[in-house]
>>> print(open('work.tsv').read())   # TSV, N, CA and C atoms
chain	number	residue	atom	x	y	z
A	1	MET	N	9.47	30.46	-10.94
A	1	MET	CA	9.59	29.40	-9.96
A	1	MET	C	10.62	29.84	-8.91
A	2	THR	N	10.19	29.88	-7.68
A	2	THR	CA	11.06	30.38	-6.62
A	2	THR	C	11.85	29.23	-5.99
A	3	GLU	N	12.89	29.62	-5.28
A	3	GLU	CA	13.69	28.62	-4.57
A	3	GLU	C	12.86	27.91	-3.51
A	4	SER	N	11.92	28.63	-2.91
A	4	SER	CA	11.06	27.98	-1.90
A	4	SER	C	10.18	26.92	-2.55
A	5	ASN	N	9.71	27.15	-3.78
A	5	ASN	CA	8.94	26.12	-4.50
A	5	ASN	C	9.79	24.90	-4.79
A	6	ARG	N	11.04	25.15	-5.17
A	6	ARG	CA	11.94	24.05	-5.48
A	6	ARG	C	12.25	23.25	-4.22
A	7	ALA	N	12.50	23.95	-3.14
A	7	ALA	CA	12.80	23.28	-1.87
A	7	ALA	C	11.59	22.48	-1.39
A	8	ALA	N	10.40	23.07	-1.52
A	8	ALA	CA	9.18	22.36	-1.12
A	8	ALA	C	8.99	21.10	-1.96
A	9	PHE	N	9.28	21.17	-3.24
A	9	PHE	CA	9.19	20.01	-4.12
A	9	PHE	C	10.11	18.90	-3.62
A	10	ARG	N	11.36	19.24	-3.34
A	10	ARG	CA	12.33	18.24	-2.84
A	10	ARG	C	11.88	17.66	-1.50
A	11	GLU	N	11.38	18.51	-0.62
A	11	GLU	CA	10.93	18.04	0.69
A	11	GLU	C	9.73	17.10	0.56
A	12	ARG	N	8.79	17.46	-0.29
A	12	ARG	CA	7.62	16.59	-0.50
A	12	ARG	C	8.02	15.28	-1.15
A	13	LEU	N	8.95	15.32	-2.10
A	13	LEU	CA	9.42	14.10	-2.74
A	13	LEU	C	10.12	13.20	-1.74
A	14	THR	N	10.94	13.78	-0.89
A	14	THR	CA	11.65	13.01	0.14
A	14	THR	C	10.65	12.37	1.10
A	15	ALA	N	9.71	13.14	1.58
A	15	ALA	CA	8.71	12.61	2.52
A	15	ALA	C	7.89	11.50	1.88
A	16	LEU	N	7.51	11.70	0.62
A	16	LEU	CA	6.75	10.67	-0.08
A	16	LEU	C	7.57	9.39	-0.19
A	17	ALA	N	8.81	9.51	-0.62
A	17	ALA	CA	9.65	8.32	-0.78
A	17	ALA	C	9.86	7.61	0.56
A	18	GLN	N	10.06	8.35	1.62
A	18	GLN	CA	10.22	7.74	2.94
A	18	GLN	C	8.97	6.99	3.36
A	19	SER	N	7.82	7.52	2.98
A	19	SER	CA	6.55	6.88	3.38
A	19	SER	C	6.29	5.57	2.63
A	20	LEU	N	7.07	5.29	1.61
A	20	LEU	CA	6.84	4.11	0.79
A	20	LEU	C	7.58	2.87	1.27
A	21	GLN	N	8.27	2.98	2.38
A	21	GLN	CA	8.97	1.81	2.92
A	21	GLN	C	7.96	0.72	3.24
A	22	LEU	N	8.24	-0.49	2.78
A	22	LEU	CA	7.32	-1.60	3.03
A	22	LEU	C	7.38	-2.03	4.48
A	23	ALA	N	6.23	-2.25	5.05
A	23	ALA	CA	6.14	-2.70	6.44
A	23	ALA	C	6.69	-4.12	6.56
A	24	PRO	N	7.33	-4.44	7.68
A	24	PRO	CA	7.90	-5.78	7.85
A	24	PRO	C	6.85	-6.89	7.74
A	25	GLN	N	5.65	-6.60	8.11
A	25	GLN	CA	4.62	-7.63	8.12
A	25	GLN	C	3.84	-7.73	6.81
A	26	VAL	N	4.30	-7.06	5.74
A	26	VAL	CA	3.58	-7.12	4.48
A	26	VAL	C	3.58	-8.56	3.98
A	27	ALA	N	2.41	-9.01	3.57
A	27	ALA	CA	2.27	-10.38	3.08
A	27	ALA	C	2.98	-10.51	1.74
A	28	GLU	N	3.56	-11.68	1.51
A	28	GLU	CA	4.31	-11.91	0.27
A	28	GLU	C	3.47	-11.65	-0.97
A	29	ASN	N	2.18	-12.01	-0.90
A	29	ASN	CA	1.32	-11.82	-2.06
A	29	ASN	C	0.92	-10.35	-2.26
A	30	GLN	N	1.35	-9.48	-1.37
A	30	GLN	CA	1.07	-8.05	-1.49
A	30	GLN	C	2.27	-7.22	-1.95
A	31	VAL	N	3.43	-7.86	-2.03
A	31	VAL	CA	4.65	-7.11	-2.34
A	31	VAL	C	4.55	-6.45	-3.72
A	32	LEU	N	4.14	-7.18	-4.72
A	32	LEU	CA	4.06	-6.62	-6.07
A	32	LEU	C	3.08	-5.45	-6.10
A	33	ASP	N	1.93	-5.58	-5.45
A	33	ASP	CA	0.96	-4.49	-5.40
A	33	ASP	C	1.53	-3.27	-4.68
A	34	ARG	N	2.25	-3.49	-3.61
A	34	ARG	CA	2.84	-2.38	-2.85
A	34	ARG	C	3.92	-1.67	-3.66
A	35	MET	N	4.71	-2.44	-4.40
A	35	MET	CA	5.73	-1.82	-5.24
A	35	MET	C	5.08	-1.03	-6.37
A	36	ALA	N	4.02	-1.58	-6.95
A	36	ALA	CA	3.30	-0.84	-8.00
A	36	ALA	C	2.73	0.46	-7.43
A	37	LEU	N	2.21	0.39	-6.22
A	37	LEU	CA	1.68	1.60	-5.57
A	37	LEU	C	2.80	2.62	-5.36
A	38	SER	N	3.98	2.16	-5.00
A	38	SER	CA	5.12	3.07	-4.82
A	38	SER	C	5.46	3.77	-6.13
A	39	PHE	N	5.56	3.00	-7.20
A	39	PHE	CA	5.83	3.62	-8.50
A	39	PHE	C	4.73	4.61	-8.87
A	40	ARG	N	3.47	4.20	-8.68
A	40	ARG	CA	2.34	5.06	-9.07
A	40	ARG	C	2.32	6.36	-8.27
A	41	LYS	N	2.54	6.28	-6.97
A	41	LYS	CA	2.54	7.50	-6.15
A	41	LYS	C	3.65	8.45	-6.59
A	42	LEU	N	4.81	7.91	-6.88
A	42	LEU	CA	5.91	8.76	-7.32
A	42	LEU	C	5.66	9.33	-8.70
A	43	LEU	N	5.15	8.52	-9.62
A	43	LEU	CA	4.84	9.03	-10.96
A	43	LEU	C	3.73	10.08	-10.90
A	44	ASN	N	2.73	9.86	-10.07
A	44	ASN	CA	1.67	10.87	-9.93
A	44	ASN	C	2.22	12.16	-9.35
A	45	PHE	N	3.10	12.05	-8.37
A	45	PHE	CA	3.73	13.24	-7.80
A	45	PHE	C	4.49	14.00	-8.87
A	46	LEU	N	5.28	13.29	-9.66
A	46	LEU	CA	6.08	13.94	-10.70
A	46	LEU	C	5.22	14.54	-11.79
A	47	ALA	N	4.00	14.02	-11.96
A	47	ALA	CA	3.09	14.55	-12.99
A	47	ALA	C	2.33	15.79	-12.52
A	48	GLU	N	2.36	16.10	-11.24
A	48	GLU	CA	1.61	17.23	-10.70
A	48	GLU	C	2.04	18.57	-11.28
A	49	ASP	N	3.33	18.78	-11.42
A	49	ASP	CA	3.83	20.07	-11.90
A	49	ASP	C	5.02	19.81	-12.82
A	50	ASN	N	4.75	19.82	-14.10
A	50	ASN	CA	5.78	19.49	-15.08
A	50	ASN	C	6.97	20.43	-15.00
A	51	ASN	N	6.73	21.72	-14.77
A	51	ASN	CA	7.84	22.68	-14.69
A	51	ASN	C	8.78	22.36	-13.54
A	52	LEU	N	8.22	22.09	-12.36
A	52	LEU	CA	9.07	21.73	-11.22
A	52	LEU	C	9.76	20.40	-11.45
A	53	THR	N	9.04	19.43	-11.99
A	53	THR	CA	9.64	18.12	-12.25
A	53	THR	C	10.82	18.26	-13.21
A	54	GLN	N	10.63	19.05	-14.26
A	54	GLN	CA	11.71	19.25	-15.23
A	54	GLN	C	12.92	19.90	-14.57
A	55	SER	N	12.70	21.00	-13.87
A	55	SER	CA	13.83	21.77	-13.36
A	55	SER	C	14.46	21.18	-12.11
A	56	VAL	N	13.66	20.52	-11.27
A	56	VAL	CA	14.20	20.03	-9.99
A	56	VAL	C	14.55	18.54	-10.04
A	57	PHE	N	13.88	17.76	-10.89
A	57	PHE	CA	14.10	16.32	-10.89
A	57	PHE	C	14.81	15.81	-12.15
A	58	LEU	N	14.52	16.39	-13.30
A	58	LEU	CA	15.02	15.80	-14.53
A	58	LEU	C	16.26	16.49	-15.10
A	59	LEU	N	16.29	17.81	-15.08
A	59	LEU	CA	17.33	18.54	-15.80
A	59	LEU	C	18.44	19.05	-14.89
A	60	PRO	N	19.65	19.15	-15.42
A	60	PRO	CA	20.74	19.77	-14.67
A	60	PRO	C	20.42	21.24	-14.44
A	61	PRO	N	20.92	21.86	-13.45
A	61	PRO	CA	21.88	21.32	-12.50
A	61	PRO	C	21.25	20.59	-11.31
A	62	GLU	N	19.95	20.83	-11.04
A	62	GLU	CA	19.34	20.26	-9.84
A	62	GLU	C	18.92	18.80	-10.00
A	63	GLY	N	18.55	18.40	-11.20
A	63	GLY	CA	18.01	17.07	-11.42
A	63	GLY	C	18.87	15.94	-10.89
A	64	PRO	N	20.15	15.89	-11.27
A	64	PRO	CA	20.98	14.80	-10.77
A	64	PRO	C	21.09	14.75	-9.24
A	65	GLU	N	21.13	15.92	-8.63
A	65	GLU	CA	21.20	15.97	-7.16
A	65	GLU	C	19.90	15.44	-6.54
A	66	THR	N	18.77	15.82	-7.10
A	66	THR	CA	17.48	15.35	-6.59
A	66	THR	C	17.33	13.85	-6.84
A	67	GLN	N	17.76	13.39	-7.98
A	67	GLN	CA	17.72	11.96	-8.27
A	67	GLN	C	18.59	11.18	-7.29
A	68	ALA	N	19.76	11.71	-6.98
A	68	ALA	CA	20.65	11.07	-6.00
A	68	ALA	C	19.99	11.02	-4.62
A	69	MET	N	19.31	12.10	-4.25
A	69	MET	CA	18.60	12.12	-2.97
A	69	MET	C	17.52	11.05	-2.95
A	70	LEU	N	16.74	10.95	-4.04
A	70	LEU	CA	15.68	9.94	-4.12
A	70	LEU	C	16.29	8.55	-4.08
A	71	THR	N	17.37	8.34	-4.78
A	71	THR	CA	18.04	7.03	-4.77
A	71	THR	C	18.47	6.67	-3.35
A	72	ALA	N	18.98	7.63	-2.61
A	72	ALA	CA	19.42	7.36	-1.24
A	72	ALA	C	18.25	6.95	-0.35
A	73	VAL	N	17.12	7.63	-0.49
A	73	VAL	CA	15.94	7.28	0.32
A	73	VAL	C	15.42	5.90	-0.07
A	74	ILE	N	15.31	5.65	-1.37
A	74	ILE	CA	14.83	4.35	-1.84
A	74	ILE	C	15.79	3.24	-1.40
A	75	SER	N	17.09	3.54	-1.43
A	75	SER	CA	18.09	2.57	-0.99
A	75	SER	C	17.88	2.18	0.47
A	76	LYS	N	17.61	3.16	1.30
A	76	LYS	CA	17.34	2.87	2.73
A	76	LYS	C	16.10	2.00	2.86
A	77	ASN	N	15.06	2.32	2.10
A	77	ASN	CA	13.83	1.52	2.14
A	77	ASN	C	14.11	0.09	1.72
A	78	LEU	N	14.88	-0.08	0.64
A	78	LEU	CA	15.16	-1.41	0.13
A	78	LEU	C	16.09	-2.19	1.08
A	79	ALA	N	17.05	-1.50	1.68
A	79	ALA	CA	17.94	-2.16	2.64
A	79	ALA	C	17.13	-2.67	3.83
A	80	PHE	N	16.16	-1.90	4.26
A	80	PHE	CA	15.27	-2.34	5.34
A	80	PHE	C	14.53	-3.62	4.93
A	81	SER	N	14.04	-3.64	3.70
A	81	SER	CA	13.33	-4.83	3.21
A	81	SER	C	14.28	-6.02	3.03
A	82	GLN	N	15.52	-5.74	2.69
A	82	GLN	CA	16.50	-6.83	2.60
A	82	GLN	C	16.78	-7.40	3.99
A	83	GLN	N	16.92	-6.55	4.98
A	83	GLN	CA	17.16	-7.02	6.35
A	83	GLN	C	15.97	-7.83	6.85
A	84	ASP	N	14.79	-7.47	6.37
A	84	ASP	CA	13.57	-8.16	6.77
A	84	ASP	C	13.35	-9.44	5.95
A	85	LYS	N	14.29	-9.75	5.07
A	85	LYS	CA	14.25	-10.94	4.22
A	85	LYS	C	13.10	-10.90	3.21
A	86	LEU	N	12.65	-9.71	2.88
A	86	LEU	CA	11.60	-9.55	1.89
A	86	LEU	C	12.19	-9.51	0.48
A	87	PHE	N	13.36	-8.89	0.34
A	87	PHE	CA	14.04	-8.79	-0.95
A	87	PHE	C	15.40	-9.48	-0.86
A	88	ARG	N	15.85	-9.94	-2.00
A	88	ARG	CA	17.16	-10.59	-2.08
A	88	ARG	C	18.23	-9.61	-1.63
A	89	ASN	N	19.30	-10.17	-1.06
A	89	ASN	CA	20.38	-9.30	-0.59
A	89	ASN	C	21.69	-9.53	-1.31
A	90	ASP	N	21.65	-10.28	-2.42
A	90	ASP	CA	22.87	-10.49	-3.18
A	90	ASP	C	23.14	-9.35	-4.17
A	91	ILE	N	22.22	-8.41	-4.26
A	91	ILE	CA	22.40	-7.20	-5.06
A	91	ILE	C	22.31	-6.03	-4.08
A	92	PRO	N	23.31	-5.16	-4.06
A	92	PRO	CA	23.29	-4.06	-3.09
A	92	PRO	C	22.03	-3.19	-3.24
A	93	ALA	N	21.51	-2.75	-2.11
A	93	ALA	CA	20.31	-1.91	-2.11
A	93	ALA	C	20.54	-0.64	-2.92
A	94	GLU	N	21.75	-0.11	-2.90
A	94	GLU	CA	22.06	1.10	-3.66
A	94	GLU	C	21.87	0.87	-5.16
A	95	LEU	N	22.31	-0.27	-5.67
A	95	LEU	CA	22.14	-0.58	-7.09
A	95	LEU	C	20.67	-0.79	-7.42
A	96	LEU	N	19.96	-1.48	-6.56
A	96	LEU	CA	18.52	-1.65	-6.77
A	96	LEU	C	17.82	-0.29	-6.81
A	97	ALA	N	18.21	0.58	-5.90
A	97	ALA	CA	17.60	1.92	-5.85
A	97	ALA	C	17.93	2.73	-7.10
A	98	GLN	N	19.13	2.59	-7.62
A	98	GLN	CA	19.49	3.29	-8.85
A	98	GLN	C	18.61	2.80	-10.00
A	99	CYS	N	18.35	1.51	-10.06
A	99	CYS	CA	17.48	0.97	-11.11
A	99	CYS	C	16.04	1.49	-10.94
A	100	PHE	N	15.56	1.49	-9.72
A	100	PHE	CA	14.22	1.98	-9.40
A	100	PHE	C	14.09	3.44	-9.85
A	101	THR	N	15.06	4.26	-9.43
A	101	THR	CA	15.03	5.68	-9.78
A	101	THR	C	15.16	5.87	-11.29
A	102	GLY	N	15.99	5.07	-11.92
A	102	GLY	CA	16.16	5.16	-13.37
A	102	GLY	C	14.86	4.93	-14.12
A	103	MET	N	14.06	3.97	-13.65
A	103	MET	CA	12.77	3.74	-14.29
A	103	MET	C	11.87	4.97	-14.14
A	104	LEU	N	11.87	5.55	-12.95
A	104	LEU	CA	11.07	6.76	-12.72
A	104	LEU	C	11.51	7.91	-13.62
A	105	VAL	N	12.81	8.09	-13.72
A	105	VAL	CA	13.33	9.19	-14.54
A	105	VAL	C	12.88	9.01	-15.99
A	106	GLN	N	13.03	7.81	-16.51
A	106	GLN	CA	12.64	7.58	-17.90
A	106	GLN	C	11.15	7.85	-18.11
A	107	LEU	N	10.31	7.39	-17.21
A	107	LEU	CA	8.87	7.58	-17.36
A	107	LEU	C	8.46	9.02	-17.10
A	108	ALA	N	9.19	9.73	-16.25
A	108	ALA	CA	8.85	11.12	-15.97
A	108	ALA	C	9.11	12.02	-17.17
A	109	HIS	N	9.93	11.58	-18.09
A	109	HIS	CA	10.20	12.35	-19.30
A	109	HIS	C	9.01	12.33	-20.26
A	110	GLN	N	8.08	11.41	-20.05
A	110	GLN	CA	6.94	11.27	-20.96
A	110	GLN	C	5.66	11.69	-20.25
A	111	ALA	N	4.87	12.51	-20.91
A	111	ALA	CA	3.56	12.85	-20.36
A	111	ALA	C	2.69	11.60	-20.45
A	112	ALA	N	1.95	11.33	-19.40
A	112	ALA	CA	1.09	10.15	-19.39
A	112	ALA	C	-0.20	10.45	-18.62
A	113	SER	N	-1.28	9.86	-19.07
A	113	SER	CA	-2.56	10.00	-18.38
A	113	SER	C	-2.50	9.21	-17.07
A	114	PRO	N	-3.42	9.48	-16.15
A	114	PRO	CA	-3.46	8.69	-14.92
A	114	PRO	C	-3.57	7.18	-15.20
A	115	ALA	N	-4.36	6.83	-16.19
A	115	ALA	CA	-4.50	5.40	-16.53
A	115	ALA	C	-3.19	4.83	-17.05
A	116	GLN	N	-2.47	5.59	-17.85
A	116	GLN	CA	-1.18	5.12	-18.36
A	116	GLN	C	-0.15	5.04	-17.25
A	117	ARG	N	-0.17	6.00	-16.32
A	117	ARG	CA	0.76	5.93	-15.18
A	117	ARG	C	0.47	4.70	-14.34
A	118	HIS	N	-0.81	4.36	-14.20
A	118	HIS	CA	-1.19	3.15	-13.46
A	118	HIS	C	-0.62	1.91	-14.15
A	119	GLN	N	-0.80	1.83	-15.46
A	119	GLN	CA	-0.27	0.68	-16.22
A	119	GLN	C	1.25	0.64	-16.16
A	120	ASN	N	1.88	1.79	-16.28
A	120	ASN	CA	3.35	1.85	-16.19
A	120	ASN	C	3.83	1.40	-14.82
A	121	SER	N	3.09	1.78	-13.78
A	121	SER	CA	3.46	1.39	-12.42
A	121	SER	C	3.40	-0.12	-12.24
A	122	LEU	N	2.37	-0.73	-12.77
A	122	LEU	CA	2.25	-2.19	-12.69
A	122	LEU	C	3.41	-2.85	-13.43
A	123	ALA	N	3.71	-2.35	-14.62
A	123	ALA	CA	4.79	-2.92	-15.42
A	123	ALA	C	6.14	-2.74	-14.71
A	124	CYS	N	6.38	-1.56	-14.15
A	124	CYS	CA	7.64	-1.32	-13.44
A	124	CYS	C	7.77	-2.24	-12.23
A	125	ALA	N	6.70	-2.43	-11.50
A	125	ALA	CA	6.74	-3.31	-10.33
A	125	ALA	C	7.05	-4.74	-10.75
A	126	LYS	N	6.43	-5.20	-11.82
A	126	LYS	CA	6.71	-6.56	-12.31
A	126	LYS	C	8.17	-6.67	-12.74
A	127	LEU	N	8.63	-5.69	-13.48
A	127	LEU	CA	10.01	-5.70	-13.93
A	127	LEU	C	10.96	-5.64	-12.75
A	128	PHE	N	10.70	-4.78	-11.81
A	128	PHE	CA	11.57	-4.61	-10.65
A	128	PHE	C	11.58	-5.86	-9.76
A	129	CYS	N	10.41	-6.42	-9.52
A	129	CYS	CA	10.31	-7.55	-8.58
A	129	CYS	C	10.52	-8.91	-9.23
A	130	GLU	N	10.13	-9.04	-10.48
A	130	GLU	CA	10.19	-10.36	-11.11
A	130	GLU	C	11.23	-10.46	-12.21
A	131	GLY	N	11.72	-9.34	-12.72
A	131	GLY	CA	12.72	-9.36	-13.77
A	131	GLY	C	12.13	-9.57	-15.15
A	132	VAL	N	13.02	-9.77	-16.11
A	132	VAL	CA	12.59	-9.92	-17.50
A	132	VAL	C	12.79	-11.35	-17.99
A	133	TRP	N	13.42	-12.17	-17.23
A	133	TRP	CA	13.72	-13.53	-17.65
A	133	TRP	C	12.50	-14.41	-17.48
A	134	LEU	N	12.03	-14.97	-18.58
A	134	LEU	CA	10.89	-15.86	-18.56
A	134	LEU	C	11.39	-17.28	-18.32
A	135	ARG	N	11.28	-17.72	-17.10
A	135	ARG	CA	11.74	-19.06	-16.73
A	135	ARG	C	10.58	-20.03	-16.82
A	136	GLU	N	10.85	-21.14	-17.44
A	136	GLU	CA	9.78	-22.16	-17.54
A	136	GLU	C	10.21	-23.46	-16.95
>>> encode(input="work.tsv", output="structure tokens")
Amino acid sequence: MTESNRAAFRERLTALAQSLQLAPQVAENQVLDRMALSFRKLLNFLAEDNNLTQSVFLLPPEGPETQAMLTAVISKNLAFSQQDKLFRNDIPAELLAQCFTGMLVQLAHQAASPAQRHQNSLACAKLFCEGVWLRE
């Protein structure tokens, strides 16, 4: 695995994450679907090449740096959505992004079929957007 492969992986991951910013005009009933799509696209990307994902995203020394980069991009996306009043702003976008990235990291450690990644994406979006508290 060459340094150019590693750099290309980081560049593609950055571009993908930047492309996932929710549009200001997204309908409220589409937010959960869009977040699930974001998780799914990122999980599918990470599943493309296990060797690169392991060395550049998951394992030291590069993994933590790449995760921090992804967190920063996701944080910018979430801050934009907070400014647009789409997401709550009483939790810093950086913390939300760390949670988002943390879910990806945990799931990227497990091999999963496309169908399982789809189901995981839906579950992550529900957890991220709706939480775990069952309010009645």
>>> atom_distance(input="work.tsv", atom1="atom CA of Glu11 of chain A", atom2="atom CA of Asn51 of chain A")
16.4 Å
>>> atom_distance(input="work.tsv", atom1="atom CA of Ile74 of chain A", atom2="atom CA of Ala15 of chain A")
11.2 Å
>>> select_by_dssp(input="work.tsv", residues="chain A", states="alpha helix (DSSP H)", output="VMD selection string")
chain A and resid 3 to 19 31 to 48 50 to 52 62 to 83 93 to 108 114 to 130
>>> closest_residue(input="work.tsv", among="A:Leu96, A:Ala47, A:Leu70, A:Leu13", to="Gln82 of chain A", atoms="only C-alpha atoms")
A:Leu96
>>> closest_residue(input="work.tsv", among="A:Ala97, A:Arg135, A:Leu122, A:Leu59", to="Leu37 of chain A", atoms="only N, CA and C atoms")
A:Leu122
>>> closest_residue(input="work.tsv", among="A:Ser4, A:Pro24, A:Phe57, A:Leu104", to="Ser81 of chain A", atoms="only C-alpha atoms")
A:Pro24
>>> residues_near_point(input="work.tsv", point="(19.6, 5.2, -2.1)", cutoff="6 Å", atoms="all atoms listed in the file", output="ChimeraX atom specification")
/A:70-76,93-94,97
>>> atom_distance(input="work.tsv", atom1="atom N of Val56 of chain A", atom2="atom CA of Arg6 of chain A")
7.0 Å
